[in-house]
file work-v7.cif (mmCIF, C-alpha atoms, pLDDT in the B column; chains and numbers go by the auth columns)
data_protein
loop_
_atom_site.group_PDB
_atom_site.id
_atom_site.type_symbol
_atom_site.label_atom_id
_atom_site.label_comp_id
_atom_site.label_asym_id
_atom_site.label_seq_id
_atom_site.Cartn_x
_atom_site.Cartn_y
_atom_site.Cartn_z
_atom_site.B_iso_or_equiv
_atom_site.auth_seq_id
_atom_site.auth_asym_id
ATOM 1 C CA MET A 1 -41.895 -54.248 39.777 46.00 787 Z
ATOM 2 C CA SER A 2 -38.900 -52.422 38.338 46.00 788 Z
ATOM 3 C CA GLN A 3 -37.151 -53.425 35.139 44.00 789 Z
ATOM 4 C CA PRO A 4 -33.418 -54.088 35.114 42.00 790 Z
ATOM 5 C CA PRO A 5 -31.389 -51.251 33.600 44.00 791 Z
ATOM 6 C CA ARG A 6 -30.545 -51.676 29.927 49.00 792 Z
ATOM 7 C CA ALA A 7 -26.954 -51.506 28.805 49.00 793 Z
ATOM 8 C CA GLY A 8 -25.987 -48.014 27.739 48.00 794 Z
ATOM 9 C CA VAL A 9 -29.343 -46.321 28.406 47.00 795 Z
ATOM 10 C CA GLN A 10 -30.110 -44.767 31.756 43.00 796 Z
ATOM 11 C CA ALA A 11 -33.483 -45.690 33.252 45.00 797 Z
ATOM 12 C CA GLY A 12 -36.138 -43.053 32.714 47.00 798 Z
ATOM 13 C CA ARG A 13 -34.062 -41.193 30.162 48.00 799 Z
ATOM 14 C CA ARG A 14 -35.338 -40.613 26.643 57.00 800 Z
ATOM 15 C CA VAL A 15 -33.010 -40.822 23.664 51.00 801 Z
ATOM 16 C CA ARG A 16 -33.031 -37.771 21.390 57.00 802 Z
ATOM 17 C CA ALA A 17 -34.676 -38.337 18.020 60.00 803 Z
ATOM 18 C CA ASP A 18 -31.698 -36.842 16.183 77.00 804 Z
ATOM 19 C CA VAL A 19 -29.292 -39.431 17.606 89.00 805 Z
ATOM 20 C CA ARG A 20 -28.419 -42.341 15.328 93.00 806 Z
ATOM 21 C CA GLN A 21 -29.697 -45.563 16.894 96.00 807 Z
ATOM 22 C CA ALA A 22 -29.017 -49.239 16.293 96.00 808 Z
ATOM 23 C CA LEU A 23 -30.950 -52.408 17.112 97.00 809 Z
ATOM 24 C CA LEU A 24 -29.478 -55.913 17.127 98.00 810 Z
ATOM 25 C CA LYS A 25 -31.679 -58.205 15.018 98.00 811 Z
ATOM 26 C CA SER A 26 -32.948 -61.300 16.862 97.00 812 Z
ATOM 27 C CA SER A 27 -31.641 -63.509 14.050 97.00 813 Z
ATOM 28 C CA SER A 28 -28.087 -62.298 14.773 96.00 814 Z
ATOM 29 C CA ALA A 29 -28.219 -62.287 18.582 96.00 815 Z
ATOM 30 C CA HIS A 30 -26.134 -65.473 18.803 95.00 816 Z
ATOM 31 C CA LEU A 31 -23.215 -63.598 17.219 92.00 817 Z
ATOM 32 C CA TYR A 32 -23.196 -60.947 19.959 92.00 818 Z
ATOM 33 C CA PRO A 33 -23.548 -62.622 23.368 90.00 819 Z
ATOM 34 C CA GLY A 34 -24.406 -60.196 26.139 91.00 820 Z
ATOM 35 C CA ILE A 35 -26.068 -57.651 23.839 95.00 821 Z
ATOM 36 C CA PRO A 36 -29.865 -57.735 24.091 95.00 822 Z
ATOM 37 C CA PRO A 37 -31.601 -58.054 20.708 97.00 823 Z
ATOM 38 C CA GLY A 38 -34.621 -55.960 19.796 97.00 824 Z
ATOM 39 C CA GLU A 39 -33.658 -52.901 21.877 96.00 825 Z
ATOM 40 C CA TRP A 40 -32.822 -49.548 20.329 96.00 826 Z
ATOM 41 C CA GLN A 41 -29.567 -48.072 21.638 95.00 827 Z
ATOM 42 C CA PRO A 42 -27.567 -45.040 20.549 96.00 828 Z
ATOM 43 C CA ALA A 43 -25.340 -46.360 17.761 95.00 829 Z
ATOM 44 C CA SER A 44 -22.228 -45.151 19.588 94.00 830 Z
ATOM 45 C CA VAL A 45 -23.224 -47.187 22.658 95.00 831 Z
ATOM 46 C CA MET A 46 -23.986 -50.239 20.523 96.00 832 Z
ATOM 47 C CA ALA A 47 -20.591 -49.909 18.811 94.00 833 Z
ATOM 48 C CA ASP A 48 -18.888 -49.795 22.215 94.00 834 Z
ATOM 49 C CA LEU A 49 -20.795 -52.922 23.298 94.00 835 Z
ATOM 50 C CA VAL A 50 -19.823 -54.779 20.114 93.00 836 Z
ATOM 51 C CA LEU A 51 -16.160 -53.770 20.446 90.00 837 Z
ATOM 52 C CA ALA A 52 -16.110 -54.831 24.094 89.00 838 Z
ATOM 53 C CA SER A 53 -17.705 -58.169 23.201 84.00 839 Z
ATOM 54 C CA LYS A 54 -15.233 -58.834 20.384 81.00 840 Z
ATOM 55 C CA SER A 55 -12.262 -57.800 22.541 79.00 841 Z
ATOM 56 C CA ALA A 56 -13.416 -60.095 25.359 75.00 842 Z
ATOM 57 C CA ASN A 57 -13.519 -62.976 22.853 71.00 843 Z
ATOM 58 C CA GLY A 58 -10.054 -62.137 21.512 72.00 844 Z
ATOM 59 C CA ARG A 59 -11.358 -60.989 18.114 73.00 845 Z
ATOM 60 C CA ALA A 60 -10.102 -57.502 17.382 69.00 846 Z
ATOM 61 C CA PRO A 61 -11.837 -56.026 14.333 65.00 847 Z
ATOM 62 C CA SER A 62 -9.627 -54.782 11.526 67.00 848 Z
ATOM 63 C CA ALA A 63 -9.629 -51.122 10.565 64.00 849 Z
ATOM 64 C CA ARG A 64 -11.586 -52.008 7.399 65.00 850 Z
ATOM 65 C CA ASP A 65 -14.438 -53.734 9.254 73.00 851 Z
ATOM 66 C CA ARG A 66 -17.669 -51.942 10.030 82.00 852 Z
ATOM 67 C CA ILE A 67 -18.331 -52.265 13.730 89.00 853 Z
ATOM 68 C CA LEU A 68 -22.110 -52.507 13.250 93.00 854 Z
ATOM 69 C CA ASP A 69 -22.768 -54.811 10.299 93.00 855 Z
ATOM 70 C CA GLY A 70 -25.913 -53.800 8.402 93.00 856 Z
ATOM 71 C CA HIS A 71 -26.844 -57.468 8.036 95.00 857 Z
ATOM 72 C CA HIS A 72 -26.994 -57.848 11.832 97.00 858 Z
ATOM 73 C CA PHE A 73 -28.329 -54.444 12.901 97.00 859 Z
ATOM 74 C CA GLU A 74 -31.166 -52.081 12.007 97.00 860 Z
ATOM 75 C CA PHE A 75 -30.663 -48.332 12.143 95.00 861 Z
ATOM 76 C CA ARG A 76 -32.823 -45.272 12.610 94.00 862 Z
ATOM 77 C CA GLY A 77 -32.305 -41.585 13.216 92.00 863 Z
ATOM 78 C CA ARG A 78 -29.966 -39.033 11.753 80.00 864 Z
ATOM 79 C CA LEU A 79 -26.856 -40.178 9.948 69.00 865 Z
ATOM 80 C CA SER A 80 -23.534 -39.373 11.538 58.00 866 Z
ATOM 81 C CA ALA A 81 -21.327 -36.744 9.934 61.00 867 Z
ATOM 82 C CA GLY A 82 -19.188 -39.555 8.524 60.00 868 Z
ATOM 83 C CA GLY A 83 -22.259 -41.243 7.066 59.00 869 Z
ATOM 84 C CA GLN A 84 -23.305 -37.996 5.413 58.00 870 Z
ATOM 85 C CA ASP A 85 -19.803 -37.632 3.968 61.00 871 Z
ATOM 86 C CA ASP A 86 -20.022 -41.189 2.598 60.00 872 Z
ATOM 87 C CA GLN A 87 -23.366 -40.407 0.945 60.00 873 Z
ATOM 88 C CA ARG A 88 -21.989 -37.201 -0.580 62.00 874 Z
ATOM 89 C CA ARG A 89 -18.922 -39.048 -1.858 63.00 875 Z
ATOM 90 C CA THR A 90 -21.116 -41.772 -3.390 67.00 876 Z
ATOM 91 C CA ARG A 91 -23.309 -39.206 -5.147 68.00 877 Z
ATOM 92 C CA LEU A 92 -20.231 -37.427 -6.518 71.00 878 Z
ATOM 93 C CA GLU A 93 -18.823 -40.732 -7.783 75.00 879 Z
ATOM 94 C CA GLU A 94 -22.157 -41.593 -9.429 76.00 880 Z
ATOM 95 C CA ARG A 95 -22.279 -38.214 -11.196 76.00 881 Z
ATOM 96 C CA ARG A 96 -18.695 -38.633 -12.365 80.00 882 Z
ATOM 97 C CA ASP A 97 -19.461 -42.154 -13.649 78.00 883 Z
ATOM 98 C CA ARG A 98 -22.542 -40.893 -15.533 77.00 884 Z
ATOM 99 C CA LYS A 99 -20.540 -38.052 -17.039 80.00 885 Z
ATOM 100 C CA GLU A 100 -17.779 -40.452 -18.134 80.00 886 Z
ATOM 101 C CA ALA A 101 -20.345 -42.886 -19.568 79.00 887 Z
ATOM 102 C CA GLY A 102 -21.956 -40.022 -21.517 76.00 888 Z
ATOM 103 C CA ALA A 103 -18.594 -38.951 -22.927 67.00 889 Z
ATOM 104 C CA GLU A 104 -17.910 -42.475 -24.225 61.00 890 Z
ATOM 105 C CA GLU A 105 -21.123 -42.591 -26.285 58.00 891 Z
#

call {"tool": "encode", "arguments": {"input": "work-v7.cif", "output": "structure tokens"}}
result
Amino acid sequence: MSQPPRAGVQAGRRVRADVRQALLKSSSAHLYPGIPPGEWQPASVMADLVLASKSANGRAPSARDRILDGHHFEFRGRLSAGGQDDQRRTRLEERRDRKEAGAEE
């Protein structure tokens, strides 16, 4: 008995461990009709599925919205280059805030 192909992942093909992956949480599945919950997908594929779903429902996300909401999805694997930049920026801001707080004392 063969399984139906999963969206975005070719049958019999393994996903590289260094690829960022996303999983739709079962508790949020009702918000994303047509996307199977509980299945790991490359995050880029999942983002495409979410955008297609929102576009089909006439809800275009704004430029400020995250496509994959951390409340609705779990993530694993390597961060994207943009994610690494965000982490670096956050660390720099934290150091600057600590330095400014130390100067005020």

call {"tool": "atom_distance", "arguments": {"input": "work-v7.cif", "atom1": "CA of Gly863 in chain Z", "atom2": "CA of Ala842 in chain Z"}}
result
29.1 Å

call {"tool": "atom_distance", "arguments": {"input": "work-v7.cif", "atom1": "CA of Arg864 in chain Z", "atom2": "CA of Leu835 in chain Z"}}
result
20.3 Å

call {"tool": "atom_distance", "arguments": {"input": "work-v7.cif", "atom1": "CA of Ile821 in chain Z", "atom2": "CA of Val805 in chain Z"}}
result
19.5 Å

call {"tool": "residues_around", "arguments": {"input": "work-v7.cif", "residues": "Pro823 in chain Z", "least_positions_apart": "2", "cutoff": "12 Å", "atoms": "all atoms listed in the file", "output": "ChimeraX atom specification"}}
result
/Z:792-793,808-821,825-827,832,858-860

call {"tool": "closest_residue", "arguments": {"input": "work-v7.cif", "among": "Z:His857, Z:Arg862, Z:Arg852, Z:Arg845", "to": "Ala829 in chain Z", "atoms": "all atoms listed in the file"}}
result
Z:Arg862

call {"tool": "closest_residue", "arguments": {"input": "work-v7.cif", "among": "Z:Arg882, Z:Ser830, Z:Pro822, Z:Lys840", "to": "Arg806 in chain Z", "atoms": "all atoms listed in the file"}}
result
Z:Ser830

call {"tool": "closest_residue", "arguments": {"input": "work-v7.cif", "among": "Z:Ala887, Z:Leu878, Z:Ala838, Z:Ala833", "to": "Gln807 in chain Z", "atoms": "only C-alpha atoms"}}
result
Z:Ala833
